[in-house]
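S.K.: Input structure: protein-v2.tsv, which contains TSV, C-alpha atoms.
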chain	number	residue	atom	x	y	z
A	1	MET	CA	-25.28	1.38	10.58
A	2	ARG	CA	-22.68	2.93	12.87
A	3	MET	CA	-19.84	0.83	14.22
A	4	LYS	CA	-20.79	-0.45	17.66
A	5	LEU	CA	-18.72	1.05	20.46
A	6	ASN	CA	-18.18	-2.38	22.04
A	7	THR	CA	-16.78	-3.86	18.83
A	8	LEU	CA	-13.05	-4.53	18.86
A	9	PRO	CA	-11.22	-2.80	15.99
A	10	PRO	CA	-9.71	-5.11	13.36
A	11	LYS	CA	-5.97	-5.69	13.82
A	12	LEU	CA	-3.71	-4.79	10.88
A	13	LEU	CA	-0.04	-5.76	10.95
A	14	ILE	CA	1.84	-3.04	9.04
A	15	ILE	CA	5.22	-4.11	7.66
A	16	ASN	CA	7.05	-1.06	6.33
A	17	ASP	CA	9.91	1.33	6.99
A	18	ILE	CA	9.71	4.35	9.29
A	19	SER	CA	10.77	7.74	7.92
A	20	GLY	CA	11.17	10.73	10.21
A	21	VAL	CA	11.00	13.89	8.10
A	22	GLY	CA	8.72	13.79	5.07
A	23	ARG	CA	5.30	12.23	5.48
A	24	CYS	CA	5.49	8.68	4.18
A	25	SER	CA	5.59	4.97	5.05
A	26	MET	CA	4.77	4.02	8.65
A	27	SER	CA	4.59	7.66	9.74
A	28	VAL	CA	1.43	8.17	7.66
A	29	SER	CA	0.06	4.63	7.83
A	30	LEU	CA	-0.46	4.52	11.60
A	31	PRO	CA	-2.56	7.70	11.96
A	32	VAL	CA	-4.51	7.00	8.76
A	33	VAL	CA	-5.34	3.43	9.79
A	34	SER	CA	-6.36	4.62	13.26
A	35	ALA	CA	-8.66	7.24	11.72
A	36	CYS	CA	-10.31	4.39	9.81
A	37	LYS	CA	-11.02	2.68	13.16
A	38	VAL	CA	-8.47	-0.09	12.67
A	39	GLN	CA	-5.62	-0.97	15.05
A	40	GLY	CA	-2.24	-0.67	13.34
A	41	ILE	CA	0.56	-2.87	14.67
A	42	PRO	CA	3.95	-1.72	13.28
A	43	VAL	CA	6.69	-4.06	12.08
A	44	PRO	CA	9.56	-1.75	11.01
A	45	THR	CA	11.86	-3.03	8.27
A	46	SER	CA	14.22	-0.04	8.46
A	47	VAL	CA	14.39	3.42	9.99
A	48	PHE	CA	15.18	6.54	7.95
A	49	SER	CA	15.94	9.99	9.34
A	50	ASN	CA	13.98	11.29	6.34
A	51	HIS	CA	12.81	9.84	3.05
A	52	THR	CA	15.28	9.38	0.22
A	53	GLY	CA	13.96	12.30	-1.84
A	54	PHE	CA	16.08	14.62	0.31
A	55	PRO	CA	19.76	15.18	-0.61
A	56	THR	CA	21.01	13.01	2.29
A	57	HIS	CA	19.55	10.58	4.79
A	58	LEU	CA	20.46	8.12	7.55
A	59	LYS	CA	19.21	4.56	7.22
A	60	ILE	CA	19.17	1.90	9.92
A	61	ASP	CA	18.54	-1.49	8.33
A	62	LEU	CA	16.50	-3.90	10.48
A	63	THR	CA	16.58	-6.90	8.14
A	64	ARG	CA	18.52	-9.02	10.63
A	65	GLN	CA	16.01	-8.22	13.38
A	66	LEU	CA	12.91	-9.26	11.41
A	67	LYS	CA	13.14	-12.98	12.24
A	68	ASP	CA	13.37	-12.27	15.98
A	69	TYR	CA	10.62	-9.65	15.73
A	70	PHE	CA	8.24	-12.17	14.18
A	71	ALA	CA	9.26	-14.80	16.72
A	72	ALA	CA	8.40	-12.38	19.53
A	73	LEU	CA	4.99	-11.73	17.96
A	74	ASN	CA	4.37	-15.47	17.80
A	75	THR	CA	4.81	-15.77	21.59
A	76	LEU	CA	1.77	-13.51	22.05
A	77	SER	CA	-0.59	-16.04	20.44
A	78	MET	CA	-2.50	-13.30	18.65
A	79	ASN	CA	-4.28	-13.42	15.31
A	80	TRP	CA	-4.30	-10.60	12.78
A	81	ASP	CA	-7.24	-9.66	10.62
A	82	GLY	CA	-4.90	-8.36	7.95
A	83	ILE	CA	-1.26	-7.78	6.99
A	84	TYR	CA	-0.24	-4.76	4.93
A	85	CYS	CA	3.26	-4.96	3.48
A	86	GLY	CA	4.87	-1.83	2.01
A	87	TYR	CA	8.42	-0.91	0.98
A	88	LEU	CA	10.98	-3.71	1.24
A	89	GLY	CA	14.63	-2.96	0.58
A	90	ALA	CA	16.13	-6.42	0.18
A	91	LYS	CA	15.22	-9.94	-0.94
A	92	GLU	CA	16.10	-11.15	2.58
A	93	GLN	CA	13.16	-9.13	3.88
A	94	LEU	CA	10.88	-10.81	1.34
A	95	HIS	CA	12.10	-14.20	2.56
A	96	ALA	CA	11.63	-13.37	6.26
A	97	ILE	CA	8.08	-12.13	5.72
A	98	SER	CA	7.21	-15.10	3.47
A	99	HIS	CA	8.46	-17.52	6.12
A	100	TYR	CA	6.41	-15.78	8.80
A	101	TYR	CA	3.25	-15.66	6.69
A	102	ASP	CA	3.61	-19.30	5.61
A	103	SER	CA	3.97	-20.33	9.27
A	104	LEU	CA	0.63	-18.81	10.29
A	105	THR	CA	-2.11	-21.35	10.92
A	106	GLU	CA	-4.85	-18.78	10.33
A	107	LYS	CA	-4.03	-16.74	7.23
A	108	PRO	CA	-5.06	-13.07	7.52
A	109	LEU	CA	-5.96	-10.95	4.52
A	110	PHE	CA	-2.61	-10.13	2.88
A	111	ILE	CA	-2.28	-6.74	1.13
A	112	ILE	CA	1.01	-6.08	-0.66
A	113	ASP	CA	2.22	-2.82	-2.16
A	114	PRO	CA	5.20	-3.88	-4.35
A	115	VAL	CA	7.17	-0.64	-4.09
A	116	MET	CA	9.77	-0.82	-6.86
A	117	GLY	CA	9.60	2.28	-9.07
A	118	ASP	CA	7.65	5.15	-10.55
A	119	HIS	CA	7.34	7.27	-13.69
A	120	GLY	CA	8.47	4.39	-15.89
A	121	ARG	CA	11.72	3.68	-14.00
A	122	ALA	CA	12.73	1.16	-11.37
A	123	TYR	CA	14.32	2.49	-8.19
A	124	GLN	CA	18.10	2.22	-8.05
A	125	HIS	CA	18.26	-0.89	-5.84
A	126	ILE	CA	15.65	-2.84	-7.84
A	127	THR	CA	17.43	-5.53	-9.86
A	128	PRO	CA	15.93	-8.24	-12.12
A	129	GLU	CA	16.78	-10.73	-9.36
A	130	PHE	CA	14.84	-8.71	-6.77
A	131	CYS	CA	11.91	-8.42	-9.17
A	132	ASN	CA	11.81	-12.20	-9.59
A	133	HIS	CA	11.77	-12.66	-5.82
A	134	MET	CA	8.95	-10.13	-5.60
A	135	LYS	CA	6.92	-12.11	-8.16
A	136	ASP	CA	7.14	-15.19	-5.94
A	137	PHE	CA	6.28	-13.10	-2.88
A	138	LEU	CA	3.17	-11.70	-4.57
A	139	SER	CA	1.75	-15.19	-5.11
A	140	ARG	CA	0.69	-15.01	-1.44
A	141	GLY	CA	-1.18	-11.74	-1.92
A	142	ASP	CA	-4.94	-11.39	-1.61
A	143	ILE	CA	-4.73	-7.78	-2.83
A	144	ILE	CA	-1.78	-6.05	-4.50
A	145	THR	CA	-1.51	-2.35	-5.35
A	146	PRO	CA	1.27	-1.74	-7.90
A	147	ASN	CA	1.46	1.55	-9.74
A	148	LEU	CA	1.72	1.34	-13.53
A	149	THR	CA	5.53	1.25	-13.46
A	150	GLU	CA	5.59	-1.61	-10.96
A	151	ALA	CA	2.87	-3.49	-12.83
A	152	CYS	CA	5.00	-3.34	-15.99
A	153	LEU	CA	8.14	-4.46	-14.13
A	154	LEU	CA	6.28	-7.44	-12.67
A	155	THR	CA	4.83	-8.52	-16.01
A	156	ASP	CA	7.92	-7.81	-18.16
A	157	MET	CA	5.84	-5.46	-20.29
A	158	PRO	CA	7.11	-2.12	-21.66
A	159	TYR	CA	5.99	1.01	-19.84
A	160	PRO	CA	3.57	2.86	-22.14
A	161	GLU	CA	4.79	6.31	-23.16
A	162	HIS	CA	1.16	7.31	-23.77
A	163	ASP	CA	-2.02	7.18	-21.70
A	164	CYS	CA	-2.59	3.49	-21.09
A	165	THR	CA	-5.61	2.01	-22.87
A	166	ASP	CA	-8.14	-0.29	-21.23
A	167	SER	CA	-6.94	-3.19	-23.37
A	168	GLU	CA	-3.33	-2.61	-22.25
A	169	LEU	CA	-4.38	-2.46	-18.60
A	170	SER	CA	-6.43	-5.63	-19.08
A	171	ALA	CA	-3.41	-7.46	-20.52
A	172	ILE	CA	-1.18	-6.28	-17.66
A	173	SER	CA	-3.70	-7.25	-14.98
A	174	LYS	CA	-4.17	-10.73	-16.44
A	175	LYS	CA	-0.42	-11.32	-16.22
A	176	LEU	CA	-0.44	-10.11	-12.61
A	177	HIS	CA	-3.22	-12.56	-11.74
A	178	ALA	CA	-1.21	-15.29	-13.44
A	179	LEU	CA	1.33	-14.81	-10.63
A	180	GLY	CA	-1.33	-16.09	-8.20
A	181	VAL	CA	-2.74	-12.74	-7.06
A	182	LYS	CA	-6.48	-12.75	-6.22
A	183	LYS	CA	-7.25	-9.01	-6.52
A	184	CYS	CA	-5.25	-6.14	-7.96
A	185	ILE	CA	-5.42	-2.35	-8.12
A	186	ILE	CA	-3.11	-0.79	-10.71
A	187	THR	CA	-2.89	2.71	-9.28
A	188	GLY	CA	-2.35	6.17	-10.72
A	189	CYS	CA	-2.61	5.41	-14.43
A	190	PRO	CA	-2.60	8.77	-16.28
A	191	LYS	CA	-5.65	9.42	-18.49
A	192	GLY	CA	-5.70	12.98	-19.77
A	193	ASP	CA	-6.46	15.24	-16.82
A	194	THR	CA	-7.34	12.30	-14.55
A	195	PHE	CA	-5.69	9.38	-12.81
A	196	LEU	CA	-7.29	5.98	-13.28
A	197	ASN	CA	-7.19	3.15	-10.75
A	198	TYR	CA	-7.81	-0.18	-12.49
A	199	ILE	CA	-9.36	-2.81	-10.18
A	200	SER	CA	-9.50	-6.47	-11.22
A	201	ASP	CA	-9.82	-9.95	-9.77
A	202	ASN	CA	-8.84	-13.42	-10.89
A	203	CYS	CA	-12.43	-14.14	-11.99
A	204	GLY	CA	-12.23	-11.51	-14.72
A	205	ASN	CA	-14.25	-8.79	-12.97
A	206	VAL	CA	-13.07	-5.22	-13.61
A	207	ASN	CA	-13.87	-1.83	-12.04
A	208	THR	CA	-12.26	1.57	-12.52
A	209	VAL	CA	-12.07	4.68	-10.34
A	210	SER	CA	-10.99	8.01	-11.85
A	211	THR	CA	-10.08	11.24	-10.06
A	212	LYS	CA	-9.01	14.57	-11.50
A	213	LYS	CA	-5.35	15.47	-11.14
A	214	ALA	CA	-5.18	17.75	-8.11
A	215	GLY	CA	-1.56	18.89	-8.37
A	216	PRO	CA	2.05	17.65	-8.41
A	217	GLY	CA	3.16	14.29	-7.09
A	218	TYR	CA	3.99	13.99	-3.39
A	219	PRO	CA	5.98	11.33	-1.55
A	220	GLY	CA	3.86	9.16	0.71
A	221	THR	CA	0.57	9.38	-1.17
A	222	GLY	CA	0.90	5.72	-2.17
A	223	ASP	CA	1.33	4.80	1.50
A	224	ILE	CA	-1.81	6.74	2.40
A	225	PHE	CA	-3.72	5.09	-0.44
A	226	VAL	CA	-2.87	1.52	0.54
A	227	SER	CA	-3.39	2.26	4.25
A	228	ILE	CA	-6.95	3.41	3.56
A	229	VAL	CA	-7.65	0.48	1.23
A	230	SER	CA	-6.27	-2.00	3.78
A	231	ALA	CA	-8.18	-0.56	6.74
A	232	LEU	CA	-11.52	-0.08	4.99
A	233	THR	CA	-11.32	-3.55	3.42
A	234	LEU	CA	-11.04	-4.99	6.92
A	235	ARG	CA	-14.02	-2.85	7.90
A	236	GLY	CA	-16.17	-4.46	5.20
A	237	PHE	CA	-16.07	-1.89	2.39
A	238	SER	CA	-15.88	-3.18	-1.18
A	239	LEU	CA	-12.59	-2.73	-3.04
A	240	LYS	CA	-14.16	-0.13	-5.34
A	241	GLU	CA	-15.46	1.82	-2.33
A	242	CYS	CA	-12.04	1.65	-0.66
A	243	THR	CA	-10.30	2.83	-3.82
A	244	THR	CA	-12.78	5.67	-4.35
A	245	GLN	CA	-12.43	6.96	-0.80
A	246	ALA	CA	-8.63	6.67	-0.85
A	247	ALA	CA	-8.30	8.48	-4.19
A	248	HIS	CA	-10.64	11.29	-3.12
A	249	PHE	CA	-8.90	11.71	0.23
A	250	ILE	CA	-5.48	12.01	-1.42
A	251	ALA	CA	-6.82	14.52	-3.96
A	252	SER	CA	-8.19	16.60	-1.08
A	253	CYS	CA	-4.83	16.40	0.73
A	254	ILE	CA	-2.94	17.54	-2.38
A	255	SER	CA	-5.29	20.49	-2.94
A	256	TYR	CA	-5.06	21.47	0.74
A	257	SER	CA	-1.27	21.18	0.74
A	258	GLN	CA	-0.98	23.28	-2.42
A	259	SER	CA	-3.00	26.04	-0.75
A	260	LEU	CA	-0.51	26.24	2.12
A	261	SER	CA	2.91	25.33	0.73
A	262	ASP	CA	4.77	24.35	-2.42
A	263	ASP	CA	7.26	22.15	-0.54
A	264	THR	CA	6.35	18.73	-1.93
A	265	LEU	CA	9.30	17.04	-0.18
A	266	GLN	CA	7.42	17.30	3.12
A	267	GLY	CA	4.59	15.13	1.75
A	268	VAL	CA	0.92	16.03	1.78
A	269	ILE	CA	-0.50	17.88	4.77
A	270	PHE	CA	-3.11	15.34	5.83
A	271	GLU	CA	-3.41	15.82	9.58
A	272	PRO	CA	-6.23	18.45	9.53
A	273	LEU	CA	-8.22	16.25	7.14
A	274	LEU	CA	-8.14	13.01	9.17
A	275	SER	CA	-11.60	13.81	10.52
A	276	ASP	CA	-12.91	13.07	7.00
A	277	LEU	CA	-11.74	9.48	7.38
A	278	VAL	CA	-13.19	9.25	10.89
A	279	THR	CA	-16.58	10.36	9.55
A	280	LEU	CA	-16.39	7.99	6.59
A	281	SER	CA	-15.53	4.95	8.65
A	282	SER	CA	-18.38	5.52	11.09
A	283	GLN	CA	-20.48	3.55	8.60
A	284	GLU	CA	-20.31	-0.23	8.29
A	285	ARG	CA	-20.54	-1.82	4.84
A	286	GLU	CA	-20.83	-5.37	3.64
A	287	SER	CA	-17.97	-6.77	1.54
A	288	LYS	CA	-18.75	-7.28	-2.12
Output the structure of this file as structure tokens.
M.R.:
Amino acid sequence: MRMKLNTLPPKLLIINDISGVGRCSMSVSLPVVSACKVQGIPVPTSVFSNHTGFPTHLKIDLTRQLKDYFAALNTLSMNWDGIYCGYLGAKEQLHAISHYYDSLTEKPLFIIDPVMGDHGRAYQHITPEFCNHMKDFLSRGDIITPNLTEACLLTDMPYPEHDCTDSELSAISKKLHALGVKKCIITGCPKGDTFLNYISDNCGNVNTVSTKKAGPGYPGTGDIFVSIVSALTLRGFSLKECTTQAAHFIASCISYSQSLSDDTLQGVIFEPLLSDLVTLSSQERESK
């Protein structure tokens, strides 16, 4: 059944940084969410001239403005269908967002991407103290989307130097649910020539979605992934359907980008492929 034209799009509050050059964070989330027929409402946590993979960058930290930003939103007396929270650069941001979320009378679906590291290493600013604050923050999450590195950091488990087994992923996911998380997607787990996304909930249900490796890693693909999952979840797609569509879209973007350029710093070229998401989200599904 097609989405009715007189149906208001779901409202998704997107809390993330904005990067100018290099397709990532809010710069990819807003167009991707819109293509999925969801209204994205930005809450910027910081502004970067370009992402940090470049040799230099300018950063404008908006941590001090977050409290006033949320207060201004509260004066509008609006309700959100969902909140998607991406990269956070300081524990003070975690506290400001927690306070805002806890103050809401009607709790929207809360999707958290705990951006803290990749390839087995934590990012430079991620300390054990920050990680502990993140664990508390995640207890509010309905859905979290850590990659394998972040899942290991959050569960104090060693990063596997081999392709992760199902039993290892099961043990990691159980520890994540012990933090209070309802649903979890451990993303991008390498399995031979594929990447596995391990989906679990706090009732013990497990699903997996595998996609063939399409090329090198690009900045911003995680932001695209969670944006699609967040938007399509609000549209009524099951978590496995959301994950499948997000993984396939990113693989298509990587293949397309490789055919045009080898400059991975610019992020995946996704703009010509947004029509795929528009077509996909013309169908309504029931949540599972």
S.K.: Take CA of Pro158 (chain A) and CA of Cys24 (chain A) and report the distance between them in Å, one decimal.
M.R.: 28.1 Å
S.K.: Taking all atoms listed in the file into account, which of A:Leu88, A:Leu73, A:Ile112, A:Ile144 comes nearest Asp61 (chain A)?
M.R.: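 Using all atoms listed in the file, Asp61 (chain A) sits closest to A:Leu88.
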S.K.: Check the smallest atom-to-atom distance from each of A:Asn147, A:Gln93, A:Ser257, A:Thr264 to Ile186 (chain A) using only C-alpha atoms, then report the winner.
M.R.: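 Closest candidate: A:Asn147.
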S.K.: Work out how far apart CA of Ala247 (chain A) and CA of Asn197 (chain A) are and give it in Å to one decimal.
M.R.: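 It comes out at 8.5 Å.
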S.K.: Between A:Leu8, A:Leu104, A:Val21, A:Ile143, which is the closest to Phe70 (chain A) once you count only C-alpha atoms?
M.R.: A:Leu104
S.K.: For a quick check of understanding, using only C-alpha atoms, which of A:Val181, A:Val226, A:Val28, A:Ile60 has the smallest distance to Gly86 (chain A)?
M.R.: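 Going through A:Val181, A:Val226, A:Val28, A:Ile60 one by one, the smallest distance to Gly86 (chain A) is for A:Val226.
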S.K.: With distances taken over all atoms listed in the file, which of A:Ser281, A:Leu260, A:Ala214, A:Gly192 is nearest to Glu241 (chain A)?
M.R.: A:Ser281
S.K.: Can you pull out the residues contacting region 116-118 of chain A? Cut-off 12 Å, using only C-alpha atoms, and skip same-chain residues under 3 positions away; I want them as a PDB file with C-alpha atoms, in the coordinates of the input.
M.R.:
ATOM      1  CA  GLY A  86       4.870  -1.830   2.010  1.00  0.00           C
ATOM      2  CA  TYR A  87       8.420  -0.910   0.980  1.00  0.00           C
ATOM      3  CA  LEU A  88      10.980  -3.710   1.240  1.00  0.00           C
ATOM      4  CA  GLY A  89      14.630  -2.960   0.580  1.00  0.00           C
ATOM      5  CA  ALA A  90      16.130  -6.420   0.180  1.00  0.00           C
ATOM      6  CA  ILE A 112       1.010  -6.080  -0.660  1.00  0.00           C
ATOM      7  CA  ASP A 113       2.220  -2.820  -2.160  1.00  0.00           C
ATOM      8  CA  ARG A 121      11.720   3.680 -14.000  1.00  0.00           C
ATOM      9  CA  ALA A 122      12.730   1.160 -11.370  1.00  0.00           C
ATOM     10  CA  TYR A 123      14.320   2.490  -8.190  1.00  0.00           C
ATOM     11  CA  GLN A 124      18.100   2.220  -8.050  1.00  0.00           C
ATOM     12  CA  HIS A 125      18.260  -0.890  -5.840  1.00  0.00           C
ATOM     13  CA  ILE A 126      15.650  -2.840  -7.840  1.00  0.00           C
ATOM     14  CA  THR A 127      17.430  -5.530  -9.860  1.00  0.00           C
ATOM     15  CA  PRO A 128      15.930  -8.240 -12.120  1.00  0.00           C
ATOM     16  CA  PHE A 130      14.840  -8.710  -6.770  1.00  0.00           C
ATOM     17  CA  CYS A 131      11.910  -8.420  -9.170  1.00  0.00           C
ATOM     18  CA  ASN A 132      11.810 -12.200  -9.590  1.00  0.00           C
ATOM     19  CA  MET A 134       8.950 -10.130  -5.600  1.00  0.00           C
ATOM     20  CA  LYS A 135       6.920 -12.110  -8.160  1.00  0.00           C
ATOM     21  CA  THR A 145      -1.510  -2.350  -5.350  1.00  0.00           C
ATOM     22  CA  PRO A 146       1.270  -1.740  -7.900  1.00  0.00           C
ATOM     23  CA  ASN A 147       1.460   1.550  -9.740  1.00  0.00           C
ATOM     24  CA  LEU A 148       1.720   1.340 -13.530  1.00  0.00           C
ATOM     25  CA  THR A 149       5.530   1.250 -13.460  1.00  0.00           C
ATOM     26  CA  GLU A 150       5.590  -1.610 -10.960  1.00  0.00           C
ATOM     27  CA  ALA A 151       2.870  -3.490 -12.830  1.00  0.00           C
ATOM     28  CA  CYS A 152       5.000  -3.340 -15.990  1.00  0.00           C
ATOM     29  CA  LEU A 153       8.140  -4.460 -14.130  1.00  0.00           C
ATOM     30  CA  LEU A 154       6.280  -7.440 -12.670  1.00  0.00           C
ATOM     31  CA  TYR A 159       5.990   1.010 -19.840  1.00  0.00           C
ATOM     32  CA  THR A 187      -2.890   2.710  -9.280  1.00  0.00           C
ATOM     33  CA  GLY A 188      -2.350   6.170 -10.720  1.00  0.00           C
ATOM     34  CA  CYS A 189      -2.610   5.410 -14.430  1.00  0.00           C
ATOM     35  CA  GLY A 217       3.160  14.290  -7.090  1.00  0.00           C
ATOM     36  CA  TYR A 218       3.990  13.990  -3.390  1.00  0.00           C
ATOM     37  CA  PRO A 219       5.980  11.330  -1.550  1.00  0.00           C
ATOM     38  CA  GLY A 222       0.900   5.720  -2.170  1.00  0.00           C
TER      39      GLY A 222
END
S.K.: What is the CA of Ile199 (chain A) to CA of Glu161 (chain A) distance in Å?
M.R.: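 Value for the CA of Ile199 (chain A)-CA of Glu161 (chain A) distance: 21.3 Å.
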S.K.: Got a sec: who's within 9 Å of Gly20 (chain A), counting all atoms listed in the file, leaving out chain neighbours fewer than 5 positions off, as a PyMOL selection string?
M.R.: chain A and resi 27+47-51
S.K.: Would you list the residues near (-2.8, 10.6, 11.1), meaning any protein, DNA or RNA residue with an atom at most 12 Å from that point in file coordinates, counting all atoms listed in the file, as a PDB file with C-alpha atoms, in the frame of the given file?
M.R.:
ATOM      1  CA  ARG A  23       5.300  12.230   5.480  1.00  0.00           C
ATOM      2  CA  CYS A  24       5.490   8.680   4.180  1.00  0.00           C
ATOM      3  CA  SER A  25       5.590   4.970   5.050  1.00  0.00           C
ATOM      4  CA  MET A  26       4.770   4.020   8.650  1.00  0.00           C
ATOM      5  CA  SER A  27       4.590   7.660   9.740  1.00  0.00           C
ATOM      6  CA  VAL A  28       1.430   8.170   7.660  1.00  0.00           C
ATOM      7  CA  SER A  29       0.060   4.630   7.830  1.00  0.00           C
ATOM      8  CA  LEU A  30      -0.460   4.520  11.600  1.00  0.00           C
ATOM      9  CA  PRO A  31      -2.560   7.700  11.960  1.00  0.00           C
ATOM     10  CA  VAL A  32      -4.510   7.000   8.760  1.00  0.00           C
ATOM     11  CA  VAL A  33      -5.340   3.430   9.790  1.00  0.00           C
ATOM     12  CA  SER A  34      -6.360   4.620  13.260  1.00  0.00           C
ATOM     13  CA  ALA A  35      -8.660   7.240  11.720  1.00  0.00           C
ATOM     14  CA  CYS A  36     -10.310   4.390   9.810  1.00  0.00           C
ATOM     15  CA  LYS A  37     -11.020   2.680  13.160  1.00  0.00           C
ATOM     16  CA  GLY A  40      -2.240  -0.670  13.340  1.00  0.00           C
ATOM     17  CA  ASP A 223       1.330   4.800   1.500  1.00  0.00           C
ATOM     18  CA  ILE A 224      -1.810   6.740   2.400  1.00  0.00           C
ATOM     19  CA  SER A 227      -3.390   2.260   4.250  1.00  0.00           C
ATOM     20  CA  ILE A 228      -6.950   3.410   3.560  1.00  0.00           C
ATOM     21  CA  VAL A 268       0.920  16.030   1.780  1.00  0.00           C
ATOM     22  CA  ILE A 269      -0.500  17.880   4.770  1.00  0.00           C
ATOM     23  CA  PHE A 270      -3.110  15.340   5.830  1.00  0.00           C
ATOM     24  CA  GLU A 271      -3.410  15.820   9.580  1.00  0.00           C
ATOM     25  CA  PRO A 272      -6.230  18.450   9.530  1.00  0.00           C
ATOM     26  CA  LEU A 273      -8.220  16.250   7.140  1.00  0.00           C
ATOM     27  CA  LEU A 274      -8.140  13.010   9.170  1.00  0.00           C
ATOM     28  CA  SER A 275     -11.600  13.810  10.520  1.00  0.00           C
ATOM     29  CA  ASP A 276     -12.910  13.070   7.000  1.00  0.00           C
ATOM     30  CA  LEU A 277     -11.740   9.480   7.380  1.00  0.00           C
ATOM     31  CA  VAL A 278     -13.190   9.250  10.890  1.00  0.00           C
TER      32      VAL A 278
END
S.K.: So that I can check the surroundings of Gly215 (chain A), please list as a count of residues only every protein, DNA and RNA residue that reaches within 9 Å of it, counting only C-alpha atoms and ignoring chain neighbours fewer than 4 positions away.
M.R.: 4
S.K.: The residues within 10 Å of (7.7, -13.7, -3.8), using only C-alpha atoms and the coordinates of the file, should be reported as a ChimeraX atom specification; which are they?
M.R.: /A:91,94-95,97-98,130-141,179
S.K.: Near Lys240 (chain A), within 10 Å and counting all atoms listed in the file, which residues show up once chain neighbours fewer than 3 positions away are dropped, as an MDAnalysis selection string?
M.R.: chainID A and resid 185 197:200 206:209 229 233 237 243:246 288
S.K.: Show which residues sit within 8 Å of Phe195 (chain A), as a CSV table (one decimal) with C-alpha atoms, in the coordinates of the input. Count only C-alpha atoms, and ignore same-chain residues fewer than 4 positions away.
M.R.:
chain,number,residue,atom,x,y,z
A,188,GLY,CA,-2.4,6.2,-10.7
A,189,CYS,CA,-2.6,5.4,-14.4
A,190,PRO,CA,-2.6,8.8,-16.3
A,191,LYS,CA,-5.6,9.4,-18.5
A,210,SER,CA,-11.0,8.0,-11.8
A,211,THR,CA,-10.1,11.2,-10.1
A,212,LYS,CA,-9.0,14.6,-11.5
A,213,LYS,CA,-5.4,15.5,-11.1
S.K.: Which of these, A:Gly22, A:Tyr100, A:His177, A:Gly82, has the shortest distance to Gly53 (chain A) once you count only C-alpha atoms?
M.R.: A:Gly22
